[in-house]
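Asks: Next up, model12.cif (mmCIF, C-alpha atoms (C1' of nucleotides)).
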data_coords
loop_
_atom_site.label_atom_id
_atom_site.label_comp_id
_atom_site.auth_asym_id
_atom_site.auth_seq_id
_atom_site.Cartn_x
_atom_site.Cartn_y
_atom_site.Cartn_z
CA MET A 61 81.86 9.51 150.18
CA ALA A 62 85.37 10.78 150.44
CA HIS A 63 84.57 13.43 147.90
CA THR A 64 81.94 15.07 150.02
CA SER A 65 84.46 16.81 152.26
CA LYS A 66 86.53 18.16 149.46
CA LYS A 67 85.30 21.72 149.70
CA LYS A 68 84.30 22.09 153.29
CA ILE A 69 87.58 23.23 154.78
CA ARG A 70 87.97 26.05 152.37
CA ALA A 71 84.74 27.74 153.41
CA SER A 72 86.72 29.92 155.80
CA HIS A 73 88.73 31.74 153.18
CA GLN A 74 87.32 33.01 149.99
CA ASP A 75 90.75 34.43 149.38
CA THR A 76 93.21 31.87 148.07
CA ARG A 77 95.96 34.42 147.75
CA GLY A 78 95.62 35.33 151.40
CA LEU A 79 95.68 31.69 152.40
CA ILE A 80 98.91 31.16 150.51
CA LEU A 81 100.49 34.16 152.21
CA LYS A 82 99.36 33.08 155.63
CA THR A 83 100.55 29.52 155.13
CA GLY A 84 103.84 30.71 153.70
CA LEU A 85 104.48 33.00 156.64
CA ASN A 86 103.80 30.19 159.06
CA LEU A 87 106.04 27.68 157.38
CA PHE A 88 108.82 30.13 156.54
CA THR A 89 109.16 31.19 160.14
CA THR A 90 108.67 27.86 161.86
CA ARG A 91 110.78 25.71 159.53
CA GLY A 92 112.79 28.37 157.76
CA TYR A 93 112.44 29.60 154.19
CA PHE A 94 114.82 27.06 152.71
CA ASN A 95 113.34 24.19 154.65
CA THR A 96 109.95 25.00 153.17
CA SER A 97 109.10 23.85 149.66
CA ILE A 98 106.28 25.01 147.46
CA HIS A 99 104.89 21.52 147.90
CA ASP A 100 104.89 21.99 151.67
CA ILE A 101 102.85 25.15 151.27
CA ARG A 102 100.57 23.33 148.85
CA ALA A 103 99.98 20.51 151.32
CA GLU A 104 99.55 22.72 154.37
CA ALA A 105 97.12 25.05 152.63
CA ASP A 106 95.35 22.10 151.01
CA ILE A 107 95.36 23.63 147.56
CA SER A 108 97.16 22.83 144.34
CA ILE A 109 100.52 23.85 142.96
CA GLY A 110 98.68 25.38 140.05
CA SER A 111 96.81 27.74 142.34
CA ILE A 112 99.98 28.92 143.96
CA TYR A 113 101.62 29.68 140.64
CA HIS A 114 98.46 31.38 139.51
CA TYR A 115 98.85 34.01 142.23
CA PHE A 116 102.62 34.18 142.60
CA LYS A 117 105.48 34.02 140.20
CA GLY A 118 107.31 31.66 142.52
CA LYS A 119 108.40 30.95 146.03
CA GLU A 120 110.48 34.08 146.35
CA ALA A 121 107.55 36.21 145.25
CA ILE A 122 105.53 34.87 148.18
CA ALA A 123 108.22 35.93 150.60
CA LYS A 124 108.55 39.30 148.90
CA ALA A 125 104.81 39.96 149.10
CA LEU A 126 104.81 39.08 152.78
CA TYR A 127 107.79 41.27 153.43
CA ASP A 128 106.33 44.28 151.65
CA ASP A 129 103.00 43.94 153.41
CA LEU A 130 104.62 43.72 156.79
CA VAL A 131 107.12 46.52 156.28
CA ASN A 132 104.23 48.75 155.23
CA SER A 133 102.17 47.79 158.20
CA MET A 134 105.06 48.42 160.61
CA ASN A 135 105.69 51.67 158.87
CA LYS A 136 102.16 52.88 159.43
CA GLU A 137 102.18 51.82 163.04
CA ILE A 138 105.46 53.55 163.78
CA THR A 139 104.42 56.72 161.99
CA ASP A 140 101.32 56.77 164.09
CA ILE A 141 103.20 56.27 167.34
CA ILE A 142 105.67 59.01 166.55
CA SER A 143 102.99 61.48 165.58
CA THR A 144 100.82 60.92 168.65
CA ASN A 145 103.52 61.26 171.29
CA ASP A 146 105.17 64.54 172.03
CA SER A 147 108.47 63.86 173.72
CA VAL A 148 111.09 61.53 172.37
CA ARG A 149 111.01 59.92 175.74
CA GLU A 150 107.34 59.01 175.40
CA CYS A 151 107.79 57.99 171.80
CA SER A 152 110.57 55.60 172.57
CA ARG A 153 108.63 53.96 175.34
CA ALA A 154 105.60 53.59 173.10
CA LEU A 155 107.77 52.05 170.42
CA VAL A 156 109.18 49.46 172.78
CA HIS A 157 105.67 48.71 173.91
CA TYR A 158 104.54 48.30 170.33
CA LEU A 159 107.39 45.92 169.50
CA PHE A 160 106.80 43.83 172.60
CA SER A 161 103.05 43.59 172.16
CA MET A 162 103.52 42.75 168.48
CA THR A 163 105.81 39.93 169.57
CA ASP A 164 103.26 38.71 172.09
CA ASN A 165 100.36 38.90 169.69
CA SER A 166 101.96 37.61 166.51
CA PRO A 167 105.35 36.13 167.25
CA ILE A 168 105.51 34.57 163.82
CA THR A 169 105.13 37.89 162.09
CA THR A 170 107.73 39.41 164.36
CA GLU A 171 110.12 36.57 163.78
CA PHE A 172 109.78 37.04 160.05
CA MET A 173 110.35 40.77 160.27
CA LEU A 174 113.06 41.06 162.89
CA HIS A 175 114.90 37.78 162.84
CA ALA A 176 114.80 36.38 159.31
CA LYS A 177 117.82 36.81 157.09
CA HIS A 178 115.89 38.30 154.24
CA ARG A 179 118.81 38.81 151.95
CA GLU A 180 119.48 35.12 151.77
CA PHE A 181 116.22 34.58 149.94
CA MET A 182 115.54 38.06 148.57
CA PRO A 183 119.00 39.00 147.28
CA ASP A 184 117.94 42.31 145.78
CA GLU A 185 116.34 43.67 148.92
CA PRO A 186 118.27 46.26 150.95
CA PRO A 187 118.99 45.23 154.54
CA PHE A 188 115.98 45.50 156.78
CA CYS A 189 117.75 47.97 159.04
CA SER A 190 117.87 50.42 156.15
CA THR A 191 114.12 50.38 155.59
CA GLU A 192 111.76 53.21 156.33
CA PRO A 193 110.69 52.11 159.81
CA PHE A 194 114.28 52.14 160.94
CA GLU A 195 115.00 55.45 159.29
CA MET A 196 112.11 57.01 161.16
CA ILE A 197 113.37 55.71 164.46
CA LYS A 198 116.81 57.09 163.77
CA ALA A 199 115.30 60.47 162.85
CA LEU A 200 113.38 60.43 166.12
CA VAL A 201 116.55 59.92 168.10
CA GLU A 202 118.26 62.70 166.18
CA ARG A 203 115.41 64.99 167.13
CA GLY A 204 115.90 63.96 170.74
CA ILE A 205 119.53 64.92 170.57
CA ALA A 206 118.84 68.22 168.87
CA GLN A 207 116.21 69.15 171.45
CA GLY A 208 118.36 68.15 174.39
CA GLU A 209 116.30 65.20 175.59
CA ILE A 210 119.12 62.85 174.69
CA ARG A 211 122.77 63.53 175.40
CA GLU A 212 125.04 64.70 172.65
CA MET A 213 126.40 61.60 170.94
CA ASP A 214 126.57 59.78 167.64
CA SER A 215 122.98 59.24 166.57
CA ILE A 216 123.46 55.64 165.52
CA VAL A 217 125.07 54.88 168.84
CA ALA A 218 122.17 56.52 170.63
CA THR A 219 119.60 54.63 168.53
CA THR A 220 121.39 51.38 169.18
CA CYS A 221 121.61 51.99 172.92
CA LEU A 222 118.00 53.05 173.18
CA PHE A 223 116.42 50.24 171.15
CA GLY A 224 119.11 47.57 171.05
CA PRO A 225 118.06 46.01 174.36
CA ALA A 226 114.44 45.76 173.22
CA PHE A 227 115.40 44.06 169.96
CA ARG A 228 117.73 41.77 171.83
CA TYR A 229 115.09 40.85 174.35
CA ILE A 230 112.66 40.05 171.57
CA LEU A 231 115.26 37.83 169.99
CA LEU A 232 115.81 35.96 173.25
CA HIS A 233 112.09 35.43 173.43
CA LEU A 234 111.82 34.15 169.88
CA ASP A 235 114.75 31.82 170.53
CA GLY A 236 112.93 30.36 173.49
CA THR A 237 115.50 31.61 175.98
CA VAL A 238 112.95 33.87 177.64
CA LYS A 239 109.48 32.48 178.31
CA GLY A 240 106.14 34.13 178.86
CA PRO A 241 104.72 37.42 177.60
CA LEU A 242 107.07 40.32 176.99
CA GLU A 243 104.71 43.15 177.76
CA PRO A 244 105.33 43.13 181.52
CA TYR A 245 108.98 43.91 180.77
CA VAL A 246 108.40 47.00 178.67
CA ASP A 247 109.20 49.36 181.50
CA ALA A 248 112.15 47.44 182.87
CA ILE A 249 113.84 47.34 179.48
CA TRP A 250 112.84 50.77 178.29
CA SER A 251 113.61 52.69 181.47
CA THR A 252 117.06 51.14 181.74
CA SER A 253 117.81 51.94 178.12
CA TRP A 254 116.50 55.45 178.48
CA ARG A 255 118.58 56.00 181.57
CA GLY A 256 121.66 55.35 179.46
CA VAL A 257 120.94 57.95 176.80
CA LYS A 258 118.93 60.65 178.50
CA GLN A 259 120.39 64.06 179.23
CA MET B 285 161.19 10.18 170.41
CA ALA B 286 162.08 10.88 166.85
CA HIS B 287 160.12 13.93 165.94
CA THR B 288 159.35 14.11 162.30
CA SER B 289 157.58 17.16 161.03
CA LYS B 290 154.16 16.62 159.58
CA LYS B 291 154.27 15.66 155.97
CA LYS B 292 153.20 18.18 153.44
CA ILE B 293 152.52 16.80 150.07
CA ARG B 294 150.80 19.98 149.08
CA ALA B 295 152.71 23.12 149.77
CA SER B 296 149.65 25.35 149.62
CA HIS B 297 147.62 23.58 152.28
CA GLN B 298 148.88 20.59 154.12
CA ASP B 299 145.55 20.40 155.85
CA THR B 300 142.69 19.58 153.54
CA ARG B 301 140.26 19.37 156.39
CA GLY B 302 141.17 22.88 157.45
CA LEU B 303 140.77 24.14 153.92
CA ILE B 304 137.29 22.67 153.70
CA LEU B 305 136.31 24.30 156.99
CA LYS B 306 137.71 27.65 155.97
CA THR B 307 136.02 27.55 152.58
CA GLY B 308 132.77 26.39 154.11
CA LEU B 309 132.77 29.21 156.62
CA ASN B 310 133.37 31.75 153.88
CA LEU B 311 130.63 30.52 151.63
CA PHE B 312 128.12 29.81 154.38
CA THR B 313 128.37 33.35 155.67
CA THR B 314 128.62 35.25 152.40
CA ARG B 315 125.98 33.32 150.45
CA GLY B 316 124.15 31.60 153.27
CA TYR B 317 124.19 27.94 154.21
CA PHE B 318 121.34 26.94 151.94
CA ASN B 319 122.68 28.91 149.02
CA THR B 320 125.94 26.98 149.25
CA SER B 321 126.16 23.48 147.81
CA ILE B 322 128.82 20.90 148.46
CA HIS B 323 129.79 21.43 144.83
CA ASP B 324 130.33 25.12 145.51
CA ILE B 325 132.70 24.30 148.33
CA ARG B 326 134.44 21.80 146.09
CA ALA B 327 134.97 24.40 143.37
CA GLU B 328 136.02 27.19 145.68
CA ALA B 329 138.52 25.04 147.55
CA ASP B 330 139.69 23.48 144.29
CA ILE B 331 139.48 19.95 145.60
CA SER B 332 137.24 17.01 144.86
CA ILE B 333 133.90 15.93 146.22
CA GLY B 334 135.57 12.72 147.32
CA SER B 335 137.96 14.61 149.56
CA ILE B 336 135.18 16.47 151.24
CA TYR B 337 133.28 13.31 152.02
CA HIS B 338 136.48 11.70 153.21
CA TYR B 339 136.74 14.26 156.01
CA PHE B 340 133.10 15.01 156.73
CA LYS B 341 129.97 12.95 156.85
CA GLY B 342 128.14 15.61 154.88
CA LYS B 343 127.36 19.26 154.53
CA GLU B 344 125.75 19.62 157.91
CA ALA B 345 128.79 18.05 159.56
CA ILE B 346 130.96 20.81 158.14
CA ALA B 347 128.73 23.45 159.69
CA LYS B 348 128.63 21.56 162.96
CA ALA B 349 132.42 21.28 163.12
CA LEU B 350 132.75 25.01 162.45
CA TYR B 351 130.18 25.84 165.06
CA ASP B 352 131.77 23.68 167.75
CA ASP B 353 135.22 25.06 167.07
CA LEU B 354 134.03 28.62 167.26
CA VAL B 355 131.85 28.21 170.34
CA ASN B 356 134.83 26.65 172.09
CA SER B 357 137.11 29.43 171.04
CA MET B 358 134.69 32.12 172.18
CA ASN B 359 134.22 30.23 175.37
CA LYS B 360 137.93 30.26 176.15
CA GLU B 361 138.25 33.92 175.30
CA ILE B 362 135.34 34.93 177.48
CA THR B 363 136.50 32.82 180.38
CA ASP B 364 139.85 34.49 180.13
CA ILE B 365 138.38 37.97 180.06
CA ILE B 366 136.18 37.31 183.05
CA SER B 367 139.00 35.83 185.10
CA THR B 368 141.49 38.63 184.42
CA ASN B 369 139.24 41.56 185.25
CA ASP B 370 138.11 42.24 188.77
CA SER B 371 135.03 44.40 188.61
CA VAL B 372 131.97 43.56 186.59
CA ARG B 373 132.28 47.01 185.15
CA GLU B 374 135.74 46.27 183.75
CA CYS B 375 134.69 42.83 182.59
CA SER B 376 131.75 44.13 180.66
CA ARG B 377 133.83 46.75 178.91
CA ALA B 378 136.46 44.17 178.02
CA LEU B 379 133.77 41.89 176.64
CA VAL B 380 132.36 44.59 174.40
CA HIS B 381 135.88 45.33 173.25
CA TYR B 382 136.45 41.67 172.49
CA LEU B 383 133.25 41.38 170.48
CA PHE B 384 133.99 44.53 168.51
CA SER B 385 137.57 43.63 167.73
CA MET B 386 136.52 40.11 166.77
CA THR B 387 134.06 41.68 164.36
CA ASP B 388 136.74 43.94 162.93
CA ASN B 389 139.30 41.17 162.60
CA SER B 390 137.12 38.34 161.38
CA PRO B 391 133.71 39.60 160.42
CA ILE B 392 132.90 36.34 158.71
CA THR B 393 133.47 34.34 161.85
CA THR B 394 131.41 36.80 163.83
CA GLU B 395 128.63 36.71 161.31
CA PHE B 396 128.53 32.93 161.51
CA MET B 397 128.46 32.96 165.29
CA LEU B 398 126.19 35.86 166.09
CA HIS B 399 123.93 36.24 163.11
CA ALA B 400 123.42 32.85 161.51
CA LYS B 401 120.21 30.98 162.22
CA HIS B 402 121.93 27.81 163.27
CA ARG B 403 118.84 25.87 164.04
CA GLU B 404 117.67 26.03 160.47
CA PHE B 405 120.56 23.87 159.38
CA MET B 406 121.51 22.18 162.66
CA PRO B 407 118.08 21.25 163.97
CA ASP B 408 119.33 19.41 167.04
CA GLU B 409 121.47 22.23 168.35
CA PRO B 410 120.16 24.31 171.27
CA PRO B 411 119.77 28.03 170.54
CA PHE B 412 123.06 29.88 170.55
CA CYS B 413 121.92 32.15 173.34
CA SER B 414 121.73 29.11 175.62
CA THR B 415 125.35 28.12 175.03
CA GLU B 416 128.11 28.35 177.58
CA PRO B 417 129.47 31.76 176.53
CA PHE B 418 126.10 33.33 177.10
CA GLU B 419 125.59 31.55 180.37
CA MET B 420 128.89 32.92 181.62
CA ILE B 421 127.92 36.44 180.71
CA LYS B 422 124.62 36.09 182.48
CA ALA B 423 126.40 34.76 185.56
CA LEU B 424 128.72 37.75 185.45
CA VAL B 425 125.81 40.14 185.47
CA GLU B 426 124.23 38.26 188.34
CA ARG B 427 127.43 38.68 190.28
CA GLY B 428 127.31 42.39 189.52
CA ILE B 429 123.83 42.62 190.95
CA ALA B 430 124.71 40.60 194.04
CA GLN B 431 127.75 42.76 194.76
CA GLY B 432 125.93 46.00 194.20
CA GLU B 433 127.73 47.15 191.07
CA ILE B 434 124.54 46.79 189.08
CA ARG B 435 121.13 47.90 190.27
CA GLU B 436 118.69 45.38 191.61
CA MET B 437 116.72 44.09 188.62
CA ASP B 438 115.88 40.95 186.67
CA SER B 439 119.20 39.49 185.60
CA ILE B 440 118.14 38.78 182.04
CA VAL B 441 116.90 42.32 181.67
CA ALA B 442 120.20 43.61 182.99
CA THR B 443 122.21 41.36 180.68
CA THR B 444 120.12 42.44 177.74
CA CYS B 445 120.49 46.12 178.57
CA LEU B 446 124.21 45.85 179.15
CA PHE B 447 125.12 43.84 176.07
CA GLY B 448 122.15 44.27 173.77
CA PRO B 449 123.42 47.52 172.27
CA ALA B 450 126.80 45.95 171.47
CA PHE B 451 125.20 42.98 169.74
CA ARG B 452 122.87 45.27 167.89
CA TYR B 453 125.69 47.51 166.76
CA ILE B 454 127.60 44.50 165.48
CA LEU B 455 124.55 43.43 163.57
CA LEU B 456 124.22 46.85 161.96
CA HIS B 457 127.83 46.60 160.95
CA LEU B 458 127.46 43.13 159.45
CA ASP B 459 124.37 44.32 157.59
CA GLY B 460 126.37 47.12 156.04
CA THR B 461 124.33 49.82 157.76
CA VAL B 462 127.34 50.99 159.74
CA LYS B 463 130.66 51.30 157.94
CA GLY B 464 134.23 51.32 159.16
CA PRO B 465 135.89 49.65 162.15
CA LEU B 466 133.85 49.14 165.30
CA GLU B 467 136.63 49.40 167.83
CA PRO B 468 136.52 53.21 168.09
CA TYR B 469 132.93 52.86 169.30
CA VAL B 470 133.61 50.50 172.17
CA ASP B 471 133.51 53.24 174.78
CA ALA B 472 130.55 55.09 173.34
CA ILE B 473 128.42 51.96 173.29
CA TRP B 474 129.66 50.41 176.48
CA SER B 475 129.58 53.53 178.65
CA THR B 476 126.04 54.34 177.61
CA SER B 477 124.92 50.78 178.29
CA TRP B 478 126.69 50.73 181.61
CA ARG B 479 125.14 54.02 182.60
CA GLY B 480 121.75 52.34 182.25
CA VAL B 481 122.42 49.45 184.58
CA LYS B 482 124.96 50.68 187.10
CA GLN B 483 124.05 51.36 190.71
"C1'" DG C 189 90.86 29.60 138.90
"C1'" DT C 190 91.89 25.22 140.11
"C1'" DC C 191 93.64 21.03 139.12
"C1'" DT C 192 97.16 16.85 137.76
"C1'" DA C 193 101.04 15.44 135.46
"C1'" DT C 194 105.45 16.34 134.06
"C1'" DA C 195 109.83 18.72 132.50
"C1'" DT C 196 114.29 20.21 133.97
"C1'" DA C 197 117.93 21.28 136.84
"C1'" DG C 198 120.49 20.84 140.85
"C1'" DT C 199 121.14 18.68 145.36
"C1'" DG C 200 123.51 15.66 148.84
"C1'" DA C 201 125.73 11.63 148.74
"C1'" DT C 202 128.12 7.06 147.02
"C1'" DA C 203 131.20 3.83 144.27
"C1'" DG C 204 135.25 2.49 142.99
"C1'" DA C 205 139.70 3.50 140.25
"C1'" DC C 206 144.22 5.13 141.27
"C1'" DG D 236 143.69 10.46 150.39
"C1'" DT D 237 142.27 12.11 146.26
"C1'" DC D 238 139.97 11.69 142.25
"C1'" DT D 239 135.91 11.18 138.44
"C1'" DA D 240 131.61 9.52 137.31
"C1'" DT D 241 127.22 8.75 138.64
"C1'" DC D 242 123.40 7.80 141.66
"C1'" DA D 243 118.72 8.71 143.71
"C1'" DC D 244 116.08 12.27 145.04
"C1'" DT D 245 113.83 16.68 145.60
"C1'" DA D 246 113.21 21.28 144.17
"C1'" DT D 247 111.10 24.92 141.30
"C1'" DA D 248 108.47 25.73 137.70
"C1'" DT D 249 105.46 24.77 133.41
"C1'" DA D 250 101.69 22.72 130.34
"C1'" DG D 251 97.47 22.00 129.49
"C1'" DA D 252 92.81 19.67 130.87
"C1'" DC D 253 88.62 21.01 133.13
#
Using structure tokens, write down the structure that the file contains.
Replies:
Amino acid sequence: MAHTSKKKIRASHQDTRGLILKTGLNLFTTRGYFNTSIHDIRAEADISIGSIYHYFKGKEAIAKALYDDLVNSMNKEITDIISTNDSVRECSRALVHYLFSMTDNSPITTEFMLHAKHREFMPDEPPFCSTEPFEMIKALVERGIAQGEIREMDSIVATTCLFGPAFRYILLHLDGTVKGPLEPYVDAIWSTSWRGVKQ
Amino acid sequence: MAHTSKKKIRASHQDTRGLILKTGLNLFTTRGYFNTSIHDIRAEADISIGSIYHYFKGKEAIAKALYDDLVNSMNKEITDIISTNDSVRECSRALVHYLFSMTDNSPITTEFMLHAKHREFMPDEPPFCSTEPFEMIKALVERGIAQGEIREMDSIVATTCLFGPAFRYILLHLDGTVKGPLEPYVDAIWSTSWRGVKQ
DNA sequence: GTCTATATAGTGATAGAC
DNA sequence: GTCTATCACTATATAGAC
């Protein structure tokens, strides 16, 4: 009789690979990458070690696949935001809104992207702040300076002052220091940051 | 009252405990806590496993001792800064200066304090952003709002906007995204942040 | 493709001589 | 206090049946 339930749970996902990724993301962010073993993922996903190694070369490959997926997805989103807003002012506000709503809607994903120390478990990866999404944001700020929307100043300083508070606020939220949804604070954070850099 | 100087059997380091802490801090921050084994610390410090376990209950205890020491030291420093500057404006600038010069002088210490995910290896510790140093900074900002130096707004938002850029800039530096000493950027970062929150 | 069983290496930690 | 030798355990990863 025990055997009857063996397959039922897995009806929801025809995609074992996706299940592994999802489970990995959950455990990596809640317990930490190094506090999560392949066996933990196996147990949580209710599959076998063999299956995991069928789809991924190893534990690090799971993290790498997650990371690549999520960087790409952020990249698309940010490209879209930048291309559909005219002024740098509007763009920056939309970006803060995107980051906050992403944190509200999928805090685990956000934690993995913005808070994890990727290089500790993916030693060959460049730092996250040198990835494409960040480059695009820096380019946006440079445009703002060139067009006079933002005061003349070092572009990294300007980028940091404009988006640093948002990143910091997200971190406080993920740490549990700030409770409740972030979205209501988009304007408070963004407008104060903007006030600091605007012409 | 006979004062005899502390014995030094070993000329190089009379203080084995201190050597272990120093070595631990170095390895924990450069390789990461989980990528550092007790045996690594043993080899790097050129002592024996037995010595390490004579002074510390285990690996986590080394991290905990480091953490406590450094939180205390930051705590003292921040208390001092707040008590020797009158206006919140001056205080906040001095705090940014302190954080930047600490990063320049001992990046490894700063990395361990501001960037490490302590809860992954010290599960019982409250989040760093809830520790005394951060509470003091928040209280400072609240004073600034009460006295009219800072605009009326949520105090956590104000704290985040005033110090978020500095923390973010430090992070970029520790990541390797920004090169060179941070101290020359104290005013650029601080004045822009202050501009956002001031009355 | 999925499974179980197992190989291999490295971990944190202990015992006990000196 | 410091050392060497060794423990018990867990981790990643592989082999091979079905």
Asks: Using the chain letters and residue numbers of this document, give as a ChimeraX atom specification the residues selected by the PyMOL selection byres ((chain B) within 9 of (chain A)).
Replies: /B:315-319,399-401,404-405,411-414,437-438,440-453,456,459-462,469,472-481
Asks: Just to be explicit: take each residue in the selection above, keep C-alpha atoms, and write the result as a CSV table (one decimal), in the frame of the given file.
Replies:
chain,number,residue,atom,x,y,z
B,315,ARG,CA,126.0,33.3,150.4
B,316,GLY,CA,124.2,31.6,153.3
B,317,TYR,CA,124.2,27.9,154.2
B,318,PHE,CA,121.3,26.9,151.9
B,319,ASN,CA,122.7,28.9,149.0
B,399,HIS,CA,123.9,36.2,163.1
B,400,ALA,CA,123.4,32.8,161.5
B,401,LYS,CA,120.2,31.0,162.2
B,404,GLU,CA,117.7,26.0,160.5
B,405,PHE,CA,120.6,23.9,159.4
B,411,PRO,CA,119.8,28.0,170.5
B,412,PHE,CA,123.1,29.9,170.6
B,413,CYS,CA,121.9,32.2,173.3
B,414,SER,CA,121.7,29.1,175.6
B,437,MET,CA,116.7,44.1,188.6
B,438,ASP,CA,115.9,41.0,186.7
B,440,ILE,CA,118.1,38.8,182.0
B,441,VAL,CA,116.9,42.3,181.7
B,442,ALA,CA,120.2,43.6,183.0
B,443,THR,CA,122.2,41.4,180.7
B,444,THR,CA,120.1,42.4,177.7
B,445,CYS,CA,120.5,46.1,178.6
B,446,LEU,CA,124.2,45.8,179.2
B,447,PHE,CA,125.1,43.8,176.1
B,448,GLY,CA,122.2,44.3,173.8
B,449,PRO,CA,123.4,47.5,172.3
B,450,ALA,CA,126.8,46.0,171.5
B,451,PHE,CA,125.2,43.0,169.7
B,452,ARG,CA,122.9,45.3,167.9
B,453,TYR,CA,125.7,47.5,166.8
B,456,LEU,CA,124.2,46.8,162.0
B,459,ASP,CA,124.4,44.3,157.6
B,460,GLY,CA,126.4,47.1,156.0
B,461,THR,CA,124.3,49.8,157.8
B,462,VAL,CA,127.3,51.0,159.7
B,469,TYR,CA,132.9,52.9,169.3
B,472,ALA,CA,130.6,55.1,173.3
B,473,ILE,CA,128.4,52.0,173.3
B,474,TRP,CA,129.7,50.4,176.5
B,475,SER,CA,129.6,53.5,178.6
B,476,THR,CA,126.0,54.3,177.6
B,477,SER,CA,124.9,50.8,178.3
B,478,TRP,CA,126.7,50.7,181.6
B,479,ARG,CA,125.1,54.0,182.6
B,480,GLY,CA,121.8,52.3,182.2
B,481,VAL,CA,122.4,49.4,184.6
Asks: Would you kindly translate the PyMOL selection byres ((chain C) within 12 of (chain A)) into the concrete residues it picks from this file, as a list in words?
Replies: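 Matching residues under the PyMOL selection byres ((chain C) within 12 of (chain A)) are DG189, DT190, DC191, DT192 and DA193 of chain C.
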Asks: Going by the chain IDs and residue numbers used in this file, which residues fall under the PyMOL selection byres ((chain A) within 10 of (chain D))? Write them as a compact mmCIF listing (two decimals) with C-alpha atoms, in the frame of the given file.
Replies:
# COMPACT_ATOMS: atom_id res chain seq x y z
CA SER A 97 109.10 23.85 149.66
CA ILE A 98 106.28 25.01 147.46
CA HIS A 99 104.89 21.52 147.90
CA ILE A 109 100.52 23.85 142.96
CA GLY A 110 98.68 25.38 140.05
CA TYR A 113 101.62 29.68 140.64
CA LYS A 117 105.48 34.02 140.20
CA GLY A 118 107.31 31.66 142.52
CA LYS A 119 108.40 30.95 146.03
Asks: Could you please determine the separation between atom CA of Gly204 of chain A and atom CA of Val148 of chain A in Å, to one decimal place?
Replies: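 Between these atoms lies a distance of 5.6 Å.
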Asks: For the atom pair atom CA of Leu159 of chain A and atom CA of Ile101 of chain A, what is the interatomic distance in Å to one decimal place?
Replies: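 Answer for the atom CA of Leu159 of chain A to atom CA of Ile101 of chain A separation: 28.0 Å.
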Asks: What's the separation between atom CA of Thr387 of chain B and atom CA of Glu185 of chain A, in Å to one decimal place?
Replies: 23.6 Å
